[in-house]
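**Student:** target-v3.cif is the file, holding mmCIF, C-alpha atoms:
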data_final
#
loop_
_atom_site.label_atom_id
_atom_site.label_comp_id
_atom_site.auth_asym_id
_atom_site.auth_seq_id
_atom_site.Cartn_x
_atom_site.Cartn_y
_atom_site.Cartn_z
CA MET A 1 192.50 96.52 21.90
CA TYR A 2 190.67 98.93 24.18
CA GLY A 3 187.43 98.74 22.20
CA THR A 4 187.65 94.94 22.11
CA VAL A 5 188.08 94.75 25.87
CA GLN A 6 185.15 97.13 26.34
CA ALA A 7 182.86 94.79 24.42
CA GLU A 8 184.11 91.80 26.36
CA VAL A 9 183.56 93.55 29.68
CA ARG A 10 180.00 94.41 28.69
CA GLN A 11 179.38 90.74 27.92
CA VAL A 12 180.75 89.68 31.31
CA ASN A 13 178.54 92.31 32.97
CA ARG A 14 175.45 90.95 31.24
CA GLU A 15 176.27 87.43 32.36
CA SER A 16 177.00 88.49 35.94
CA ASP A 17 173.57 90.15 36.10
CA SER A 18 171.77 86.88 35.47
CA PRO A 19 169.64 85.55 38.37
CA GLY A 20 171.39 83.47 40.97
CA CYS A 21 174.93 84.06 39.77
CA ASP A 22 176.04 85.27 43.21
CA ASP A 23 174.32 82.47 45.08
CA HIS A 24 175.73 79.45 43.27
CA PRO A 25 179.17 78.57 41.95
CA ARG A 26 179.46 79.21 38.24
CA ARG A 27 179.65 76.15 36.08
CA ALA A 28 182.59 75.76 33.78
CA ARG A 29 181.65 77.01 30.33
CA ARG A 30 182.60 75.52 27.01
CA TYR A 31 184.32 78.01 24.71
CA ASP A 32 186.45 77.81 21.65
CA ALA A 33 189.93 79.34 21.96
CA ALA A 34 188.77 82.82 20.98
CA GLY A 35 185.81 82.62 23.35
CA THR A 36 187.97 81.55 26.26
CA ARG A 37 190.43 84.37 25.69
CA SER A 38 187.59 86.87 25.36
CA ALA A 39 185.92 85.67 28.56
CA LEU A 40 189.18 85.93 30.49
CA LEU A 41 189.86 89.45 29.18
CA GLY A 42 186.41 90.63 30.18
CA ALA A 43 186.56 89.07 33.64
CA ALA A 44 190.08 90.35 34.25
CA ALA A 45 189.19 93.90 33.22
CA LEU A 46 186.43 94.01 35.82
CA ARG A 47 188.49 92.39 38.58
CA PHE A 48 191.61 94.51 38.10
CA ALA A 49 189.60 97.73 37.87
CA ARG A 50 187.61 97.02 41.01
CA TYR A 51 190.30 95.51 43.24
CA GLY A 52 193.64 96.37 41.66
CA TYR A 53 196.38 93.95 40.67
CA ASP A 54 197.12 92.73 44.18
CA GLY A 55 193.47 92.49 45.17
CA CYS A 56 192.47 89.63 42.89
CA SER A 57 193.84 86.25 41.95
CA VAL A 58 194.04 84.17 38.81
CA ARG A 59 191.53 81.80 40.42
CA ASP A 60 189.06 84.69 40.92
CA ILE A 61 189.36 85.80 37.32
CA ALA A 62 188.96 82.29 35.95
CA LYS A 63 185.92 81.69 38.18
CA ASP A 64 184.26 84.86 36.89
CA ALA A 65 184.94 83.74 33.32
CA GLY A 66 183.62 80.25 34.05
CA VAL A 67 186.82 78.48 33.03
CA ASP A 68 189.66 76.61 34.67
CA ALA A 69 192.45 78.76 36.15
CA ALA A 70 195.04 76.86 34.13
CA LEU A 71 193.66 78.50 30.99
CA VAL A 72 194.89 81.90 32.16
CA TYR A 73 198.45 80.62 31.84
CA ARG A 74 197.71 78.83 28.57
CA TYR A 75 196.39 81.95 26.83
CA PHE A 76 198.35 84.73 28.55
CA GLY A 77 201.33 83.11 30.23
CA SER A 78 200.98 84.94 33.55
CA LYS A 79 198.76 87.15 35.66
CA GLU A 80 201.02 90.09 34.81
CA ALA A 81 200.60 89.54 31.08
CA LEU A 82 196.83 89.37 31.50
CA PHE A 83 196.90 92.64 33.44
CA ASP A 84 198.94 94.28 30.69
CA ALA A 85 196.45 93.08 28.08
CA VAL A 86 193.43 94.69 29.77
CA SER A 87 195.03 97.83 31.18
CA THR A 88 196.68 99.19 28.05
CA SER A 89 195.22 102.57 27.10
CA THR A 90 196.97 103.20 23.79
CA GLY A 91 194.14 101.66 21.75
CA MET A 92 191.81 104.52 22.58
CA PHE A 93 194.39 106.98 21.21
CA GLU A 94 194.92 105.27 17.85
CA PRO A 95 192.90 107.83 15.80
CA LEU A 96 195.36 110.54 16.83
CA ARG A 97 197.93 108.99 14.49
CA HIS A 98 195.98 110.08 11.40
CA LEU A 99 193.09 112.35 12.43
CA PRO A 100 193.30 115.87 10.93
CA LEU A 101 194.36 118.31 13.63
CA ASP A 102 191.30 120.50 13.17
CA GLU A 103 189.11 117.50 14.04
CA VAL A 104 190.88 116.51 17.27
CA SER A 105 188.71 118.61 19.61
CA ALA A 106 185.51 117.17 18.13
CA TRP A 107 186.94 113.65 18.35
CA ILE A 108 187.79 114.07 22.04
CA CYS A 109 184.29 115.41 22.66
CA ASP A 110 182.86 112.33 20.93
CA VAL A 111 185.08 110.00 23.00
CA VAL A 112 183.94 111.47 26.31
CA SER A 113 180.31 111.67 25.18
CA THR A 114 179.84 108.17 23.76
CA GLY A 115 182.39 106.15 25.70
CA PRO A 116 181.22 103.47 28.16
CA THR A 117 180.64 104.35 31.81
CA GLU A 118 182.70 102.78 34.58
CA GLU A 119 179.84 100.34 35.22
CA GLU A 120 179.90 99.19 31.59
CA ALA A 121 183.65 98.91 31.06
CA PRO A 122 186.41 100.03 33.44
CA HIS A 123 188.58 102.91 32.30
CA PRO A 124 192.12 101.56 31.59
CA LEU A 125 193.72 104.50 33.38
CA LEU A 126 191.68 103.81 36.50
CA THR A 127 192.72 100.18 36.34
CA LYS A 128 196.35 101.29 36.42
CA LEU A 129 195.83 103.75 39.27
CA ARG A 130 194.15 101.12 41.41
CA SER A 131 197.18 98.92 40.88
CA SER A 132 199.73 101.63 41.62
CA SER A 133 201.48 99.45 44.22
CA ARG A 134 203.14 97.71 41.28
CA GLU A 135 206.32 99.61 40.46
CA GLU A 136 205.97 98.84 36.77
CA THR A 137 202.54 100.44 36.49
CA VAL A 138 203.57 104.09 36.56
CA GLY A 139 206.53 103.37 34.30
CA GLN A 140 204.30 101.57 31.80
CA LEU A 141 201.85 104.45 31.73
CA ARG A 142 204.71 106.90 31.21
CA GLU A 143 205.99 104.81 28.29
CA GLU A 144 202.55 104.79 26.68
CA VAL A 145 202.15 108.55 26.99
CA THR A 146 205.68 109.07 25.66
CA GLU A 147 205.14 106.82 22.64
CA VAL A 148 201.72 108.14 21.64
CA PHE A 149 201.97 111.81 22.58
CA SER A 150 205.51 113.02 23.40
CA GLU A 151 206.95 111.28 20.34
CA GLY A 152 204.19 110.29 17.92
CA PHE A 153 201.67 113.12 18.15
CA ALA A 154 204.32 115.78 18.80
CA ARG A 155 205.79 115.07 15.35
CA ARG A 156 202.52 116.26 13.83
CA LEU A 157 202.68 119.65 15.53
CA GLU A 158 204.47 122.65 14.06
CA GLY A 159 206.13 125.33 16.12
CA GLU A 160 207.92 125.33 19.46
CA ASP A 161 207.23 123.20 22.54
CA ALA A 162 205.61 120.46 20.46
CA GLU A 163 206.26 117.75 23.06
CA LEU A 164 204.82 119.86 25.86
CA ARG A 165 201.72 120.70 23.83
CA ALA A 166 201.25 117.02 22.96
CA GLU A 167 201.47 116.01 26.61
CA LEU A 168 199.01 118.75 27.59
CA LEU A 169 196.61 117.22 25.07
CA ALA A 170 197.14 113.87 26.80
CA ALA A 171 196.28 115.52 30.11
CA TRP A 172 193.05 116.92 28.65
CA LEU A 173 192.03 113.61 27.10
CA MET A 174 192.89 111.34 30.03
CA GLY A 175 191.61 113.73 32.67
CA ILE A 176 188.29 114.45 31.00
CA THR A 177 187.51 110.84 30.13
CA LEU A 178 188.43 109.74 33.64
CA LEU A 179 186.29 112.41 35.34
CA ARG A 180 183.32 112.16 33.01
CA LEU A 181 183.10 108.42 32.33
CA ALA A 182 184.64 106.76 35.37
CA ILE A 183 184.34 109.17 38.29
CA ARG A 184 181.29 110.92 36.81
CA SER A 185 181.94 114.31 38.37
CA PRO A 186 178.58 116.16 38.29
CA ALA A 187 179.25 119.13 35.99
CA LEU A 188 181.19 117.16 33.37
CA ALA A 189 178.75 114.25 33.46
CA ASP A 190 175.71 116.48 32.91
CA THR A 191 177.09 119.06 30.47
CA PRO A 192 175.49 118.95 26.98
CA ASP A 193 177.83 117.92 24.19
CA ASP A 194 177.68 121.27 22.37
CA THR A 195 178.69 123.14 25.53
CA LEU A 196 181.46 120.67 26.26
CA LEU A 197 182.79 120.96 22.70
CA ARG A 198 182.90 124.77 22.97
CA PHE A 199 185.12 124.62 26.04
CA LEU A 200 187.23 121.81 24.62
CA ARG A 201 187.98 123.85 21.52
CA ALA A 202 188.97 126.83 23.64
CA GLY A 203 191.51 124.74 25.52
CA ILE A 204 192.72 122.28 22.89
CA ASP A 205 192.84 124.20 19.60
CA PRO A 206 195.62 126.57 20.75
CA LEU A 207 197.76 123.53 21.60
CA LEU A 208 197.39 122.19 18.06
CA ASP A 209 197.93 125.39 16.11
CA ALA A 210 201.37 126.97 16.36
CA GLY A 211 199.92 130.17 14.94
CA CYS A 212 197.46 130.68 17.80
CA PRO A 213 198.29 133.51 20.24
CA GLY A 214 200.40 132.35 23.16
CA VAL A 215 201.65 129.17 21.46
CA GLY A 216 205.28 128.96 20.45
CA SER A 217 206.04 132.56 21.49
CA GLU A 218 205.66 134.94 24.38
CA ASP A 219 203.68 138.15 24.19
CA ASP A 220 205.54 141.29 25.19
#
Turn the structure described in the file into C-alpha coordinates.

**Tutor:**
Amino acid sequence: MYGTVQAEVRQVNRESDSPGCDDHPRRARRYDAAGTRSALLGAAALRFARYGYDGCSVRDIAKDAGVDAALVYRYFGSKEALFDAVSTSTGMFEPLRHLPLDEVSAWICDVVSTGPTEEEAPHPLLTKLRSSSREETVGQLREEVTEVFSEGFARRLEGEDAELRAELLAAWLMGITLLRLAIRSPALADTPDDTLLRFLRAGIDPLLDAGCPGVGSEDD
(Lines of atoms letter the chains of each structure in order from A and count residues from 1; the text may use other names and numbers.)
(Lines give C-alpha, C1' and ligand atoms only; values in the text may rest on other atoms or scores of the structure.)
Protein backbone atom coordinates (compact mmCIF):
# COMPACT_ATOMS: atom_id res chain seq x y z
CA MET A 1 0.00 0.00 0.00
CA TYR A 2 2.68 2.50 0.98
CA GLY A 3 4.58 2.11 -2.30
CA THR A 4 1.35 2.46 -4.27
CA VAL A 5 0.44 5.66 -2.48
CA GLN A 6 3.95 7.00 -3.07
CA ALA A 7 3.54 6.57 -6.82
CA GLU A 8 0.13 8.18 -6.76
CA VAL A 9 1.42 11.15 -4.78
CA ARG A 10 4.23 11.66 -7.29
CA GLN A 11 1.66 11.72 -10.08
CA VAL A 12 -0.43 14.32 -8.25
CA ASN A 13 2.72 16.39 -7.69
CA ARG A 14 3.54 16.33 -11.39
CA GLU A 15 0.04 17.46 -12.27
CA SER A 16 0.02 20.21 -9.65
CA ASP A 17 3.26 21.59 -11.13
CA SER A 18 1.64 22.23 -14.50
CA PRO A 19 1.33 25.91 -15.54
CA GLY A 20 -1.71 27.77 -14.33
CA CYS A 21 -3.01 25.13 -11.97
CA ASP A 22 -3.10 27.57 -9.05
CA ASP A 23 -4.70 30.35 -11.05
CA HIS A 24 -7.72 28.54 -12.46
CA PRO A 25 -10.16 26.02 -11.03
CA ARG A 26 -9.29 22.49 -12.04
CA ARG A 27 -11.61 20.89 -14.50
CA ALA A 28 -13.24 17.63 -13.58
CA ARG A 29 -11.22 14.77 -15.02
CA ARG A 30 -12.52 11.59 -16.55
CA TYR A 31 -11.10 8.47 -14.92
CA ASP A 32 -12.02 4.85 -14.79
CA ALA A 33 -12.73 3.45 -11.32
CA ALA A 34 -9.09 2.60 -10.63
CA GLY A 35 -7.94 6.00 -11.88
CA THR A 36 -10.42 7.84 -9.69
CA ARG A 37 -9.38 5.91 -6.60
CA SER A 38 -5.71 6.47 -7.40
CA ALA A 39 -6.20 10.21 -7.91
CA LEU A 40 -8.05 10.53 -4.61
CA LEU A 41 -5.36 8.59 -2.73
CA GLY A 42 -2.62 10.79 -4.14
CA ALA A 43 -4.46 14.04 -3.43
CA ALA A 44 -5.44 12.92 0.06
CA ALA A 45 -1.88 11.89 0.96
CA LEU A 46 -0.63 15.38 0.13
CA ARG A 47 -3.48 17.20 1.88
CA PHE A 48 -3.38 15.16 5.08
CA ALA A 49 0.41 15.37 5.33
CA ARG A 50 0.49 19.13 4.83
CA TYR A 51 -2.53 20.19 6.87
CA GLY A 52 -3.46 17.25 9.08
CA TYR A 53 -6.82 15.52 9.30
CA ASP A 54 -8.72 18.52 10.63
CA GLY A 55 -7.04 20.98 8.29
CA CYS A 56 -8.52 19.75 5.03
CA SER A 57 -11.94 18.78 3.76
CA VAL A 58 -13.32 16.17 1.42
CA ARG A 59 -14.11 18.98 -1.00
CA ASP A 60 -10.44 20.09 -0.98
CA ILE A 61 -9.20 16.59 -1.67
CA ALA A 62 -11.68 16.01 -4.47
CA LYS A 63 -10.80 19.37 -6.05
CA ASP A 64 -7.10 18.49 -6.04
CA ALA A 65 -7.90 15.15 -7.67
CA GLY A 66 -10.15 16.84 -10.24
CA VAL A 67 -13.23 14.80 -9.35
CA ASP A 68 -16.57 15.32 -7.64
CA ALA A 69 -16.54 15.18 -3.83
CA ALA A 70 -19.25 12.52 -3.87
CA LEU A 71 -16.71 10.08 -5.29
CA VAL A 72 -14.75 10.15 -2.02
CA TYR A 73 -17.73 8.53 -0.31
CA ARG A 74 -18.34 6.15 -3.21
CA TYR A 75 -14.81 4.73 -3.17
CA PHE A 76 -13.84 5.07 0.50
CA GLY A 77 -17.05 5.53 2.46
CA SER A 78 -15.80 8.40 4.62
CA LYS A 79 -13.04 10.94 5.13
CA GLU A 80 -11.76 8.83 8.02
CA ALA A 81 -11.47 5.73 5.84
CA LEU A 82 -9.59 7.73 3.21
CA PHE A 83 -7.20 9.00 5.90
CA ASP A 84 -6.60 5.45 7.11
CA ALA A 85 -5.85 4.33 3.55
CA VAL A 86 -3.10 6.90 2.98
CA SER A 87 -1.59 7.06 6.46
CA THR A 88 -0.95 3.38 7.07
CA SER A 89 2.76 2.69 7.49
CA THR A 90 2.77 -1.09 7.69
CA GLY A 91 3.35 -1.52 3.96
CA MET A 92 6.87 -0.18 4.21
CA PHE A 93 7.66 -2.83 6.84
CA GLU A 94 6.42 -5.83 4.86
CA PRO A 95 9.92 -7.16 3.95
CA LEU A 96 10.65 -7.64 7.66
CA ARG A 97 8.28 -10.61 7.66
CA HIS A 98 10.67 -12.71 5.56
CA LEU A 99 13.99 -10.86 5.16
CA PRO A 100 16.98 -12.78 6.63
CA LEU A 101 18.03 -11.13 9.88
CA ASP A 102 21.59 -10.54 8.69
CA GLU A 103 20.21 -8.43 5.83
CA VAL A 104 17.97 -6.15 7.92
CA SER A 105 20.58 -3.43 8.51
CA ALA A 106 21.36 -3.20 4.79
CA TRP A 107 17.65 -3.14 3.96
CA ILE A 108 17.01 -0.25 6.36
CA CYS A 109 19.96 1.61 4.84
CA ASP A 110 18.45 1.08 1.39
CA VAL A 111 15.04 2.31 2.57
CA VAL A 112 16.42 5.56 3.97
CA SER A 113 18.74 6.06 0.98
CA THR A 114 16.31 5.45 -1.89
CA GLY A 115 12.98 6.39 -0.35
CA PRO A 116 11.09 9.45 -1.63
CA THR A 117 11.63 12.84 -0.02
CA GLU A 118 8.82 14.67 1.76
CA GLU A 119 8.30 16.77 -1.37
CA GLU A 120 7.82 13.65 -3.50
CA ALA A 121 5.59 11.63 -1.17
CA PRO A 122 4.67 12.45 2.43
CA HIS A 123 6.00 10.12 5.10
CA PRO A 124 3.03 8.17 6.60
CA LEU A 125 4.32 8.69 10.13
CA LEU A 126 4.45 12.45 9.60
CA THR A 127 0.91 12.35 8.28
CA LYS A 128 -0.19 10.74 11.53
CA LEU A 129 1.73 13.18 13.71
CA ARG A 130 0.20 16.16 11.96
CA SER A 131 -3.21 14.70 12.70
CA SER A 132 -2.49 13.92 16.34
CA SER A 133 -5.60 15.80 17.50
CA ARG A 134 -7.54 12.70 16.49
CA GLU A 135 -7.62 10.37 19.48
CA GLU A 136 -7.56 7.31 17.25
CA THR A 137 -4.31 8.30 15.54
CA VAL A 138 -1.89 7.44 18.33
CA GLY A 139 -3.81 4.26 19.10
CA GLN A 140 -3.71 3.20 15.46
CA LEU A 141 0.02 3.79 15.25
CA ARG A 142 0.53 1.78 18.44
CA GLU A 143 -1.50 -1.09 16.97
CA GLU A 144 0.60 -1.08 13.80
CA VAL A 145 3.88 -1.14 15.73
CA THR A 146 2.54 -3.90 17.99
CA GLU A 147 1.40 -6.07 15.08
CA VAL A 148 4.51 -5.69 12.93
CA PHE A 149 7.26 -5.45 15.54
CA SER A 150 6.19 -6.38 19.09
CA GLU A 151 4.38 -9.50 17.88
CA GLY A 152 5.43 -10.37 14.32
CA PHE A 153 9.11 -9.48 14.17
CA ALA A 154 9.74 -10.37 17.82
CA ARG A 155 8.83 -13.99 17.03
CA ARG A 156 11.82 -14.13 14.70
CA LEU A 157 14.29 -13.12 17.40
CA GLU A 158 15.97 -15.60 19.72
CA GLY A 159 16.97 -14.82 23.27
CA GLU A 160 15.53 -12.59 25.97
CA ASP A 161 13.73 -9.25 25.59
CA ALA A 162 12.66 -10.06 22.03
CA GLU A 163 9.71 -7.64 22.10
CA LEU A 164 11.86 -4.80 23.42
CA ARG A 165 14.54 -5.43 20.80
CA ALA A 166 11.89 -5.51 18.05
CA GLU A 167 10.44 -2.19 19.20
CA LEU A 168 13.92 -0.65 19.36
CA LEU A 169 14.33 -1.69 15.72
CA ALA A 170 11.04 0.09 14.98
CA ALA A 171 12.42 3.20 16.67
CA TRP A 172 15.55 3.07 14.51
CA LEU A 173 13.60 2.56 11.29
CA MET A 174 10.86 5.12 11.90
CA GLY A 175 13.18 7.71 13.41
CA ILE A 176 15.83 7.52 10.72
CA THR A 177 13.40 7.55 7.79
CA LEU A 178 11.51 10.46 9.33
CA LEU A 179 14.65 12.53 9.99
CA ARG A 180 16.41 11.73 6.73
CA LEU A 181 13.55 11.72 4.22
CA ALA A 182 10.91 14.01 5.69
CA ILE A 183 12.67 16.43 8.04
CA ARG A 184 15.99 16.17 6.19
CA SER A 185 18.21 16.83 9.19
CA PRO A 186 21.59 17.93 7.76
CA ALA A 187 23.98 15.19 8.91
CA LEU A 188 21.65 12.28 8.11
CA ALA A 189 20.59 13.79 4.79
CA ASP A 190 24.18 14.28 3.61
CA THR A 191 25.87 11.16 4.99
CA PRO A 192 27.14 8.73 2.30
CA ASP A 193 25.38 5.38 2.24
CA ASP A 194 28.47 3.36 3.22
CA THR A 195 29.02 5.51 6.31
CA LEU A 196 25.36 5.33 7.24
CA LEU A 197 25.35 1.54 6.85
CA ARG A 198 28.39 1.22 9.15
CA PHE A 199 26.62 3.05 11.96
CA LEU A 200 23.34 1.26 11.32
CA ARG A 201 25.03 -2.11 11.68
CA ALA A 202 26.65 -1.03 14.93
CA GLY A 203 23.27 -0.13 16.41
CA ILE A 204 20.94 -2.67 14.80
CA ASP A 205 22.90 -5.93 14.55
CA PRO A 206 23.16 -6.40 18.36
CA LEU A 207 19.36 -6.13 18.57
CA LEU A 208 18.94 -8.96 16.07
CA ASP A 209 21.55 -11.37 17.41
CA ALA A 210 20.91 -12.81 20.85
CA GLY A 211 24.54 -13.90 20.97
CA CYS A 212 25.93 -10.37 20.70
CA PRO A 213 27.47 -8.92 23.89
CA GLY A 214 24.94 -7.03 25.99
CA VAL A 215 21.87 -8.65 24.42
CA GLY A 216 19.84 -11.07 26.49
CA SER A 217 22.23 -10.95 29.46
CA GLU A 218 24.00 -8.52 31.72
CA ASP A 219 27.77 -8.28 31.99
CA ASP A 220 29.19 -8.59 35.48

**Student:** Given only C-alpha atoms as the basis, pick out the residue of A:Ala39, A:Ala106, A:Leu101, A:Leu181 nearest to A:Tyr75.

**Tutor:** A:Ala39

**Student:** Kindly indicate which residue among A:Leu207, A:Asp193, A:Glu143, A:Trp172 lies nearest to A:Glu160, using all atoms listed in the file for the distances.

**Tutor:**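 Among A:Leu207, A:Asp193, A:Glu143, A:Trp172, it is A:Leu207 that comes nearest to A:Glu160.
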
**Student:** Of the residues A:Leu208, A:Val138, A:Ile183, A:Val111, which is the one nearest to A:Leu168, using all atoms listed in the file?

**Tutor:** A:Leu208

**Student:** So the first atom is atom CA of A:Ala34 and the second is atom CA of A:Ala65; what is the distance between them in Å, to one decimal place?

**Tutor:**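 These two atoms are separated by 13.0 Å.
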
**Student:** A:Glu167: which residues within 12 Å, counting only C-alpha atoms, same-chain residues fewer than 5 positions away excluded, as a VMD selection string?

**Tutor:** chain A and resid 142 144 to 154 157 161 to 162 172 to 175 204 207 to 208
